[in-house]
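coords_18.cif follows (mmCIF, C-alpha atoms):
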```
data_data
loop_
_atom_site.label_atom_id
_atom_site.label_comp_id
_atom_site.auth_asym_id
_atom_site.auth_seq_id
_atom_site.Cartn_x
_atom_site.Cartn_y
_atom_site.Cartn_z
CA MET A 1 -39.25 27.13 59.65
CA ASP A 2 -35.45 27.26 59.86
CA LYS A 3 -34.01 29.88 57.49
CA SER A 4 -31.16 27.56 56.56
CA LEU A 5 -33.61 24.86 55.50
CA ILE A 6 -35.62 27.34 53.43
CA SER A 7 -32.46 28.52 51.65
CA LYS A 8 -31.54 24.91 50.89
CA ARG A 9 -34.99 24.22 49.46
CA TYR A 10 -34.84 27.21 47.12
CA ALA A 11 -31.29 26.34 46.02
CA LYS A 12 -32.11 22.67 45.51
CA ALA A 13 -35.26 23.46 43.54
CA LEU A 14 -33.40 25.89 41.29
CA CYS A 15 -30.55 23.43 40.71
CA GLU A 16 -32.84 20.48 39.98
CA THR A 17 -35.02 22.56 37.64
CA SER A 18 -32.03 23.99 35.80
CA VAL A 19 -30.60 20.47 35.33
CA LYS A 20 -33.95 19.09 34.18
CA LEU A 21 -34.32 21.88 31.61
CA GLY A 22 -30.68 21.75 30.50
CA LYS A 23 -30.05 25.27 31.81
CA LEU A 24 -27.45 24.61 34.53
CA ASP A 25 -24.66 26.49 32.76
CA GLU A 26 -26.95 29.43 32.03
CA VAL A 27 -28.16 29.65 35.62
CA SER A 28 -24.57 29.24 36.88
CA ARG A 29 -23.44 32.20 34.77
CA GLY A 30 -26.33 34.25 36.15
CA MET A 31 -25.46 33.33 39.73
CA LEU A 32 -21.84 34.22 39.11
CA PHE A 33 -22.85 37.57 37.59
CA PHE A 34 -25.22 38.37 40.42
CA THR A 35 -22.87 37.38 43.23
CA GLU A 36 -19.82 39.11 41.74
CA LYS A 37 -21.60 42.29 40.70
CA PHE A 38 -24.29 42.76 43.34
CA LEU A 39 -23.41 40.74 46.43
CA ALA A 40 -20.22 42.78 46.77
CA ASP A 41 -22.07 46.10 46.31
CA GLN A 42 -23.42 47.09 49.70
CA LYS A 43 -25.77 49.76 48.30
CA ILE A 44 -27.47 47.27 45.99
CA MET A 45 -27.73 44.63 48.72
CA ASN A 46 -29.15 47.20 51.15
CA PHE A 47 -31.75 48.09 48.52
CA LEU A 48 -32.66 44.44 47.82
CA LEU A 49 -32.75 43.45 51.48
CA SER A 50 -34.55 46.52 52.78
CA SER A 51 -38.05 45.97 54.13
CA SER A 52 -38.88 49.56 53.25
CA VAL A 53 -38.35 48.92 49.51
CA SER A 54 -41.47 47.56 47.85
CA PRO A 55 -41.39 44.10 46.28
CA SER A 56 -42.35 45.64 42.94
CA ALA A 57 -39.28 47.95 43.02
CA LYS A 58 -37.06 44.95 43.75
CA LYS A 59 -38.65 43.05 40.86
CA VAL A 60 -38.01 45.98 38.53
CA PHE A 61 -34.34 45.84 39.50
CA ILE A 62 -34.24 42.09 38.79
CA GLU A 63 -36.03 42.63 35.46
CA ASP A 64 -33.52 45.35 34.48
CA ASN A 65 -30.74 42.77 34.89
CA ARG A 66 -32.61 39.84 33.37
CA GLU A 67 -30.32 39.44 30.33
CA ASN A 68 -27.47 38.56 32.72
CA LEU A 69 -29.49 36.36 35.07
CA SER A 70 -31.39 33.87 32.89
CA THR A 71 -35.14 33.48 33.03
CA LEU A 72 -35.00 30.68 35.60
CA LEU A 73 -32.84 32.66 37.97
CA SER A 74 -34.83 35.88 37.68
CA ASN A 75 -38.04 33.86 38.23
CA CYS A 76 -36.51 32.29 41.33
CA PHE A 77 -35.52 35.72 42.66
CA ASN A 78 -39.03 37.02 41.98
CA ILE A 79 -40.55 34.09 43.88
CA MET A 80 -38.20 34.79 46.78
CA ILE A 81 -39.27 38.46 46.72
CA ASP A 82 -42.98 37.53 46.54
CA ASN A 83 -42.60 35.18 49.51
CA GLY A 84 -40.61 37.70 51.55
CA ARG A 85 -37.56 35.44 51.41
CA PHE A 86 -35.01 37.60 49.61
CA SER A 87 -33.34 38.25 52.97
CA LEU A 88 -32.09 34.66 52.63
CA PHE A 89 -30.20 35.54 49.46
CA GLU A 90 -26.65 35.14 50.78
CA LYS A 91 -27.40 31.76 52.33
CA PHE A 92 -29.26 30.77 49.15
CA CYS A 93 -26.16 31.59 47.04
CA PHE A 94 -23.98 29.50 49.34
CA GLU A 95 -26.39 26.55 49.15
CA TRP A 96 -26.73 26.92 45.36
CA HIS A 97 -22.98 26.46 44.92
CA ILE A 98 -23.07 23.30 47.04
CA TYR A 99 -25.88 21.77 44.95
CA GLU A 100 -24.22 22.85 41.71
CA LYS A 101 -20.92 21.24 42.74
CA ARG A 102 -22.70 18.03 43.72
CA HIS A 103 -24.43 17.86 40.37
CA ARG A 104 -21.17 18.49 38.54
CA LYS A 105 -19.46 15.90 40.77
CA ILE A 106 -17.01 18.40 42.22
CA VAL A 107 -16.11 17.38 45.76
CA PRO A 108 -14.69 20.00 48.15
CA VAL A 109 -11.79 18.56 50.14
CA GLU A 110 -9.89 20.19 52.98
CA ILE A 111 -6.67 18.47 54.03
CA THR A 112 -5.13 19.61 57.30
CA THR A 113 -1.68 18.34 58.26
CA SER A 114 0.83 19.33 60.92
CA SER A 115 3.42 20.13 58.22
CA GLU A 116 3.76 20.09 54.44
CA LEU A 117 2.71 16.79 52.87
CA SER A 118 5.26 14.65 51.09
CA GLU A 119 4.41 13.45 47.59
CA LYS A 120 3.99 9.91 48.93
CA ASN A 121 1.59 10.95 51.71
CA ASN A 122 -0.32 13.22 49.36
CA SER A 123 -0.70 10.34 46.90
CA GLN A 124 -1.97 8.03 49.67
CA ILE A 125 -4.53 10.57 50.83
CA MET A 126 -5.70 11.18 47.25
CA ASN A 127 -6.11 7.41 46.74
CA PHE A 128 -8.28 7.30 49.88
CA ILE A 129 -10.39 10.20 48.56
CA ARG A 130 -10.76 8.59 45.12
CA LYS A 131 -12.05 5.38 46.74
CA LEU A 132 -14.70 7.35 48.64
CA PHE A 133 -15.69 9.55 45.68
CA PRO A 134 -14.78 7.87 42.40
CA ASP A 135 -15.37 9.58 39.06
CA CYS A 136 -15.34 13.05 40.62
CA GLU A 137 -13.25 16.16 40.44
CA TYR A 138 -11.78 17.48 43.66
CA GLU A 139 -11.52 21.04 44.89
CA ILE A 140 -8.59 20.68 47.27
CA LYS A 141 -7.60 23.11 49.98
CA ASN A 142 -4.44 22.29 51.94
CA GLU A 143 -3.80 23.72 55.40
CA THR A 144 -1.11 23.19 57.98
CA ASP A 145 -1.86 23.21 61.69
CA PRO A 146 1.00 22.16 63.98
CA SER A 147 -1.45 21.61 66.85
CA ILE A 148 -2.66 18.33 65.31
CA LEU A 149 0.85 16.95 66.07
CA GLY A 150 0.92 14.51 63.15
CA GLY A 151 -1.30 12.59 60.78
CA PHE A 152 -4.04 14.45 58.97
CA ILE A 153 -7.66 15.60 59.08
CA LEU A 154 -9.83 15.40 55.98
CA LYS A 155 -13.03 17.32 55.55
CA ILE A 156 -14.82 15.95 52.51
CA ASP A 157 -18.23 17.29 51.60
CA ASN A 158 -18.83 18.27 55.26
CA VAL A 159 -17.75 14.88 56.66
CA ILE A 160 -14.64 14.90 58.88
CA TYR A 161 -12.13 12.04 58.88
CA ASP A 162 -9.75 12.68 61.78
CA TYR A 163 -6.56 10.65 61.49
CA SER A 164 -4.50 13.14 63.47
CA VAL A 165 -2.35 12.37 66.51
CA SER A 166 -4.20 15.00 68.55
CA GLY A 167 -7.55 13.48 67.50
CA SER A 168 -6.38 9.99 68.51
CA LEU A 169 -5.17 11.31 71.87
CA ASN A 170 -8.50 13.08 72.47
CA ARG A 171 -10.48 9.93 71.59
CA MET A 172 -8.27 7.89 73.93
CA LYS A 173 -8.70 10.46 76.72
CA ASN A 174 -12.50 10.49 76.25
CA HIS A 175 -12.62 6.70 76.28
CA ILE A 176 -10.61 6.56 79.50
CA MET A 177 -12.68 9.33 81.11
CA ASN A 178 -15.97 7.66 80.16
CA SER A 179 -14.93 4.16 81.16
CA SER A 180 -15.91 3.06 84.61
CA VAL A 181 -13.00 1.88 86.69
#
```
Write the structure described by the file as structure tokens, please.
Amino acid sequence: MDKSLISKRYAKALCETSVKLGKLDEVSRGMLFFTEKFLADQKIMNFLLSSSVSPSAKKVFIEDNRENLSTLLSNCFNIMIDNGRFSLFEKFCFEWHIYEKRHRKIVPVEITTSSELSEKNNSQIMNFIRKLFPDCEYEIKNETDPSILGGFILKIDNVIYDYSVSGSLNRMKNHIMNSSV
């Protein structure tokens, strides 16, 4: 089975269970603690990811940090260890944050323009986003890329809306190239 799919399943199950039990904030704090403290520490990650370290030693480490992780999160980690899936931890953390944001109705938005946005254009783009995802909060990341020539590209929750001049030119070129004359 695809490792990415497995990571998503673990993350989704943890998020849904934590929501159902009213423990989302608790699990979120544990994930934040674990990722900030341990994911950045190469020695700890080498220990947790090593195939030469016994599952029981890894579980002892998780148990020693249980007060910071929440019972649900430490149980999830133990299941991952039991199933030989802890090597998926980094991908699992990434997927967890996606599911958590979805549950909290926080939509990641990337706006790419050829130059700085004017207030008017920014307002128009935000109105477009609000129509697609009403009643949500938005995590906005603005980028400039002169190669798009004009217009903008939106990436919203992994869906791309390309309203750039370069994108229009490429679509026109592809249409012409694929049309039979």
Would you list the contacts of Phe133 in chain A as a PyMOL selection string, taking every protein, DNA or RNA residue within 12 Å and counting all atoms listed in the file, but skipping same-chain residues closer than 2 positions in sequence? chain A and resi 102+105-109+126-131+135-138+156-157
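Between Ile6 in chain A and the candidates A:Ile98, A:Leu88, A:Leu154, A:Leu169, the tightest atom-to-atom separation, counting all atoms listed in the file, involves A:Leu88.
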For the structure shown, which residues end up in the PyMOL selection byres ((chain A and resi 145) around 6)? Put them as a VMD selection string, please? chain A and resid 113 to 114 144 146 to 147
Contacts of range 74-82 of chain A at 12 Å (all atoms listed in the file; same-chain gap of 4+ positions) as a PyMOL selection string: chain A and resi 6-7+9-15+17-18+26-27+30-31+34+48-51+53-70+86-89+92-93+96
So the first atom is CA of Ser28 in chain A and the second is CA of Ile160 in chain A; what is the distance between them in Å, to one decimal place?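 Going from CA of Ser28 in chain A over to CA of Ile160 in chain A, I get 28.1 Å.
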Identify, on the basis of only C-alpha atoms, every residue whose closest approach to Ser168 in chain A does not exceed 12 Å; exclude the query and any residue fewer than 3 positions from it along the same chain; express the result as an NGL selection string. :A and (148-153 or 161-165 or 171-175)
Between CA of Thr112 in chain A and CA of Leu132 in chain A, what is the distance, to one decimal in Å?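 CA of Leu132 in chain A lies at a distance of 17.8 Å from CA of Thr112 in chain A.
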Computed interatomic separation between CA of Lys91 in chain A and CA of Lys20 in chain A (Å): 23.1 Å
